[in-house]
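Read the structure below first, then the notes.
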Amino acid sequence: MFSKRLSHLIHLGMLAVLIGLPFKLHAVAYCALRDPMLAIQTFYPGFTSYRSYLGVVGPDLRRVLDETLPYQLHFNEFGKHTLYVAYAGEKAIGLVHARSEKGDWGLDEIVWSFNMDLTVRDFRFQRSRSRWKDNLQDEVFKQALRGKGIEGLLQFLDADGSKFSKQISGLPPEAEKLAATVVRSALNTIVVTEYVWGDRLQVGRE
Amino acid sequence: MKKKEELKPNKSIRRYLSFVLLGTLVCGLSISGFFSWNFTMLERMQYEVSSQSLTLRELQDLGGKLDLLLVSADLSIGAGETYSAQIAINLSRELRKYLKNMEFDNMFAYEARQFRRLRIIELLSKLEQQIQAQVEFTTVTHDEDRTGLLEQFDAVSAEIVLLFEQIFEATKKHSEQMSSALVARRNNSFGTYAMVLLIYFLANAIIVDWSFRRIAKPLEVVTQRVNRVMSHGKGLLPSLKGPLEISRLAENFFLLVSQLEKKVAERTQALLEKAETLEQEISDRKAAKTELVHAKEIAEKSNKVKSEFLSVMSHELRTPMNSILGALSLIREGGINAQQETYIDIADKSGNELIDLLGEILDISRIGSEVIELKNEDFNIVELVNTCTEMLQSQGQEKGLRISAAIDPEVPHFVIGDSSRVRQILTNLIGNAIKFTDRGFVEIQVSAEAIDNGNHVLCFSVTDTGIGIAQADQSRIFEAFTQVDSSLTRRHPGVGLGLSVCNKLAEVMGGRCGVNSKLGAGSNFWFIIDLPTGENPLHVTAGGQSIPANPPTIGNRVLIVEDSESNQLVAHAMLSTAGYKVDVASCGFEALQKFGYKHYDLVLMDLQMPGMDGFETTSVIRSLPGRKGNLPIIAFSANTFEGIRTRCKNAGMNDYIGKPLIKDTLLTKIGRWISLPDKQHKSVLA
């Protein structure tokens, strides 16, 4: 019926439409953490309790992202999102949040663990169909990200934020695309968290 | 092994050329086949590479659809988007349909890729069920059930991606391998082509070398052997390993050579035998030639002896005849009666006939000996003819004949030649005409025709009304000792030498004699000679001198040197009666003695004398100083042989008078020489 190139373009257009759908109309967050207890237990084995904070991410977040980051990150994940805060007793010891990013095959869902100062503590793939995901879940790569905030994470990307630019031992070149996705996901998560739940986090830090 | 090969029968050139053609054909077909095969392989590989590239692009397109499907599925699964679920289901169905129709080539990992393709189709069906289930789960509230569903979805989708990537990677790898192989083949093709061409050229070189050794080499060997045969005359038949035709050619050639050698040997033998025969013949001929030379020498010697004998005989006969005739002349002058005069006339006539006969014999002898020498002097042909006519006029008148002479105006008066020989021929012909004519006339005619270089052909003709000559006899009358009729011989005396002498003399002078006659109607004898035009010498010339016609003679002193007393007497009588003072010396010594105390105006010198002959005496006189050594000397001899005049001139003599002496001739010559001044005493001898 259509030529292959035209067919390809149509599919890309459909993808763009799908991603750009106003999910708030459906009222269900699709990047939800599947088993929050297990996830928090994994990242914070000594936690005693956790709290979840529901927030709404709207189109105004795009302006915030543009102002915060030196480059434009693709972001269309609007709607309700849940931030989990782990406690050890009364003290908040960390944050857990799940985010979706466009991967090679469908959407990659990454579960992030941040320190209370919004520096990276750990992460894991809730879903990724990339063959290189195991390379990124290696401790060397995680260790490289740990403790990094926005400034630190930007060092891993090139000037326009599209490519991974850091040399990490053991990381094959084919996995760098997924690594860049991971870094951008971290940056998005930090900015979104700060923007949506910044007030609550400030209370928790205190 | 080599001997075995030589025993093989040779093949024809056609067979060899067939081998060469076959070899070349096989080489050509091989290389053509190789190139075709290589091109086909390249084309096929190119097709496969293109096919793989196409498959790869199709897979990339499928990958894009799969990605879109997964995104839709993720959205529908994660957020329960029914719209996304519907899109995902539709994409999955489309993908399945596409995969069902998809065909992989069977070159590389066909089974694995087929399996994976089918597995993906299966999983996609499963995925559709899960998406459908998720849509139905929108009312489900149990998180555990939802989580299990998500995990199943993740597992299925992960397997789909994994299988798809495996298919893609395998196809990509295959495509890259094919591309590499194609590039490698293309790169290697040049080397391969070069190698194949090299092999082709080597094969052709081997074929050419083989054909050279099989065809050209035998020819070369045969040529060398033939050259050797040509150079050395022999050679051996080569043992050829080559074309049949060349072998036969060589065999035939050497067979031909052997046959030729055999023929040559035979002919050489025949030639040797012939040469021996020829040598024998040459030897015989040499011997015969030697004998002939010897015989010739003897003949020449005999001829010379004969000539000398004739000369001597002539001299010995003329000398007494001179005396007889001189005596008769003196008797006639001394006063005799009529009866005595008649007897003297008879004696004189007989003597003159005898003298003529001796002359003819002498001439025929000279002609036979080829010792005639011709004079080359200016003479008046008109005067000669008139003189001859006048001389024989009285003879003709005695028989009652009319003698006349007619000279054509074209005839030059003076010609160069031997006047005495011309006179001899003419006198002979006139005499013959008178002799054989009893009545009528004898007419002498002379005509001339100018030819090149101032020469004239003179034609002398003597016509008579005599007895004539039969046609049958005309051809032989010029032969010696021939008379037409022997019976006539008795009536007309003669030995038949006259016409023969005439003919010979005319031939010697470059002319010829002939006769036109009819029996009983008279004859016409003629002779033609070719003589150059001469000049008028006035009378007698010698170096441009002239001799007066009527010289004074009286009182001059003449010395006669003569050993014969009769001749002394005759000459003395002739001169003294003419008024000369005459002294006589019997030999050369006596003559020289007389020179010592007397002066002479002229010497009449005999040639053959005892002691000092005339030649030697003349030489001594010429050596004397002053006028004595310069006086005229006239030779006086019965020797009429050719060459005598030259000898006389060489000895220093001025003129020559033959014996018998004729008084008028003697006096005329003496008178002329005496009248010349001393310084003009040059010889007139040839």
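FYI, nothing fancy with the structure tokens labels: chains A, B, ... in order, residues from 1 per chain, ligands from 1 as they appear.
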request  = Could you please select, counting only C-alpha atoms, the residues of chain B within 6 Å of chain A and state them as a VMD selection string?
outcome  = chain B and resid 67 to 68 70 to 71 78 to 79 158
Find the residues near A:Thr82: any atom within 12 Å, counting only C-alpha atoms, skip ones fewer than 4 places away on the same chain, and give them as a compact mmCIF listing (two decimals) with C-alpha atoms, in the first residue's frame.
# COMPACT_ATOMS: atom_id res chain seq x y z
CA VAL A 28 -3.65 6.25 35.98
CA ALA A 29 0.12 6.64 36.26
CA TYR A 30 1.83 4.15 33.97
CA CYS A 31 5.27 4.57 35.53
CA ALA A 32 4.29 3.32 38.85
CA LEU A 33 6.59 1.27 40.96
CA ARG A 34 5.30 -2.27 40.68
CA PRO A 36 7.20 -0.54 46.23
CA ARG A 51 5.63 7.15 52.77
CA SER A 52 4.29 7.75 49.34
CA TYR A 53 3.60 11.19 47.98
CA LEU A 54 1.41 11.60 44.99
CA GLY A 55 2.15 14.55 42.72
CA VAL A 56 0.91 15.84 39.42
CA VAL A 57 3.30 16.66 36.67
CA LEU A 95 13.83 8.55 48.02
CA VAL A 96 12.53 5.97 45.51
CA HIS A 97 10.94 6.96 42.25
CA ALA A 98 10.20 5.16 38.99
CA ARG A 99 10.48 6.88 35.62
CA VAL A 111 13.60 2.75 39.46
CA THR A 189 13.85 12.55 38.03
CA VAL A 192 10.75 16.59 38.60
CA THR A 193 11.20 15.57 42.23
CA VAL A 196 6.91 18.57 42.44
CA TRP A 197 7.93 17.47 45.90
task = Please give the complete set of residues from stretch 367-547 of chain B that DSSP, run on the backbone, assigns to strand (DSSP E or B), formatted as a ChimeraX atom specification.
result = /B:377-380,402-407,414-417,441-450,455-464,512-518,522-533
inquiry  = Give me, as an NGL selection string, all polymer residues having an atom no more than 7 Å from B:Ile444, counting only C-alpha atoms and skipping those fewer than 6 positions away in the same chain.
reply    = :B and (404-406 or 461-463)
inquiry  = Need the shell around B:Pro409: protein/DNA/RNA residues with any atom at most 10 Å away, counting only C-alpha atoms. Skip same-chain ones fewer than 5 positions apart. Format as a list in words?
reply    =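 Listing them by chain and then by number gives Val446, Ser447 and Ala448 of chain B.
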Any chance you could export the current selection's N, CA and C atoms as a CSV table (one decimal), in the first residue's frame?
chain,number,residue,atom,x,y,z
B,446,VAL,N,87.4,0.0,-122.5
B,446,VAL,CA,87.7,0.2,-121.1
B,446,VAL,C,86.6,1.2,-120.6
B,447,SER,N,86.0,0.8,-119.5
B,447,SER,CA,85.0,1.7,-118.9
B,447,SER,C,85.3,1.7,-117.4
B,448,ALA,N,84.7,2.7,-116.7
B,448,ALA,CA,84.9,2.8,-115.3
B,448,ALA,C,83.7,3.2,-114.6
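Among the candidate residues B:Ala578, B:Leu531, B:Leu429, B:Leu499, the one lying nearest to B:Ile364 is B:Leu499, with distances computed using only C-alpha atoms.
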inquiry  = If we count only C-alpha atoms and set the cut-off at 10 Å, which residues sit around B:Ser157, ignoring sequence neighbours fewer than 4 positions away in its own chain? Please answer as a PyMOL selection string.
reply    = (chain A and resi 105-106+128-129) or (chain B and resi 66+69-70+73-74+120+123-124+126-127+151-153+161-163)
Go ahead and write the residues just picked, C-alpha atoms, as a PDB file, in the first residue's frame.
ATOM      1  CA  TRP A 105      12.583  -1.308  22.205  1.00  0.00           C
ATOM      2  CA  GLY A 106       9.568   0.338  23.806  1.00  0.00           C
ATOM      3  CA  SER A 128      14.296  -2.735  29.689  1.00  0.00           C
ATOM      4  CA  ARG A 129      14.480  -4.871  26.604  1.00  0.00           C
TER       5      ARG A 129
ATOM      6  CA  LEU B  66       8.152  -3.635  16.689  1.00  0.00           C
ATOM      7  CA  LEU B  69       4.280  -1.900  19.014  1.00  0.00           C
ATOM      8  CA  LEU B  70       6.208  -2.200  22.267  1.00  0.00           C
ATOM      9  CA  ALA B  73       2.012  -2.067  24.519  1.00  0.00           C
ATOM     10  CA  ASP B  74       4.029  -0.493  27.332  1.00  0.00           C
ATOM     11  CA  ILE B 120       8.037 -14.298  17.167  1.00  0.00           C
ATOM     12  CA  LEU B 123       4.847 -14.595  20.891  1.00  0.00           C
ATOM     13  CA  LEU B 124       3.131 -11.731  19.187  1.00  0.00           C
ATOM     14  CA  LYS B 126       0.542 -14.107  23.090  1.00  0.00           C
ATOM     15  CA  LEU B 127       1.389 -10.445  23.447  1.00  0.00           C
ATOM     16  CA  GLU B 151       6.054  -9.657  34.376  1.00  0.00           C
ATOM     17  CA  GLN B 152       4.581 -12.049  31.824  1.00  0.00           C
ATOM     18  CA  PHE B 153       4.311  -9.185  29.398  1.00  0.00           C
ATOM     19  CA  VAL B 161      13.031  -8.429  21.027  1.00  0.00           C
ATOM     20  CA  LEU B 162      15.719 -10.979  21.679  1.00  0.00           C
ATOM     21  CA  LEU B 163      14.569 -13.181  18.812  1.00  0.00           C
TER      22      LEU B 163
END
ask   = atom CA of B:Phe525 and atom CA of B:Gly440, how far apart in Å?
value = 16.2 Å
task = Figure out the distance between atom CA of B:Met509 and atom CA of B:Lys659, please, to one decimal in Å.
result =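 We find that atom CA of B:Lys659 and atom CA of B:Met509 lie 25.1 Å from each other.
Residue nearest B:Lys649, chosen from B:Ala635, B:Met612, B:Ile336, B:Ala170 and counting only C-alpha atoms: B:Ala635.
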inquiry  = Please report the interatomic distance between atom CA of A:Glu151 and atom CA of A:Ser113 in Å with one decimal.
reply    = 17.4 Å
Quick one: everything within 10 Å of B:Ala181, counting only C-alpha atoms, minus sequence neighbours fewer than 3 positions away in the same chain. Send it as an mmCIF file with C-alpha atoms, in the first residue's frame.
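The resulting file, out-v7.cif, is reproduced below:
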data_model
loop_
_atom_site.group_PDB
_atom_site.id
_atom_site.type_symbol
_atom_site.label_atom_id
_atom_site.label_comp_id
_atom_site.auth_asym_id
_atom_site.auth_seq_id
_atom_site.Cartn_x
_atom_site.Cartn_y
_atom_site.Cartn_z
ATOM 1 C CA LEU B 42 30.324 -12.388 -8.933
ATOM 2 C CA MET B 45 27.178 -12.839 -4.958
ATOM 3 C CA GLN B 46 26.179 -9.355 -5.925
ATOM 4 C CA VAL B 49 24.415 -9.069 -1.159
ATOM 5 C CA SER B 175 25.091 -9.531 4.654
ATOM 6 C CA GLU B 176 28.445 -8.251 5.864
ATOM 7 C CA GLN B 177 30.043 -11.586 5.170
ATOM 8 C CA MET B 178 28.570 -11.594 1.719
ATOM 9 C CA ALA B 184 37.406 -10.089 -1.663
ATOM 10 C CA ARG B 185 36.341 -11.940 -4.751
ATOM 11 C CA ARG B 186 36.446 -8.776 -6.811
ATOM 12 C CA ASN B 187 39.863 -7.927 -5.449
#
So which residues touch A:Asp134 within 12 Å, counting only C-alpha atoms, skipping near sequence neighbours fewer than 4 positions away, as a PDB file with C-alpha atoms, in the first residue's frame?
ATOM      1  CA  ARG A 124      17.680  -0.618  38.711  1.00  0.00           C
ATOM      2  CA  PHE A 125      15.708  -1.380  35.545  1.00  0.00           C
ATOM      3  CA  ARG A 127      11.792  -2.887  32.455  1.00  0.00           C
ATOM      4  CA  SER A 128      14.296  -2.735  29.689  1.00  0.00           C
ATOM      5  CA  ARG A 129      14.480  -4.871  26.604  1.00  0.00           C
ATOM      6  CA  SER A 130      17.992  -3.748  25.740  1.00  0.00           C
ATOM      7  CA  ASP A 138      27.133  -3.430  36.968  1.00  0.00           C
ATOM      8  CA  GLU A 139      28.491  -1.931  40.167  1.00  0.00           C
ATOM      9  CA  VAL A 140      31.200   0.019  38.301  1.00  0.00           C
ATOM     10  CA  PHE A 141      28.638   2.076  36.391  1.00  0.00           C
ATOM     11  CA  LYS A 142      26.442   2.531  39.446  1.00  0.00           C
ATOM     12  CA  GLY A 170      33.956  -2.197  31.375  1.00  0.00           C
ATOM     13  CA  LEU A 171      31.232  -0.281  29.588  1.00  0.00           C
ATOM     14  CA  PRO A 172      31.061  -1.354  25.923  1.00  0.00           C
ATOM     15  CA  ALA A 175      25.831   0.300  25.835  1.00  0.00           C
ATOM     16  CA  LEU A 178      21.392   3.148  27.126  1.00  0.00           C
ATOM     17  CA  ALA A 179      23.812   4.815  29.562  1.00  0.00           C
TER      18      ALA A 179
END
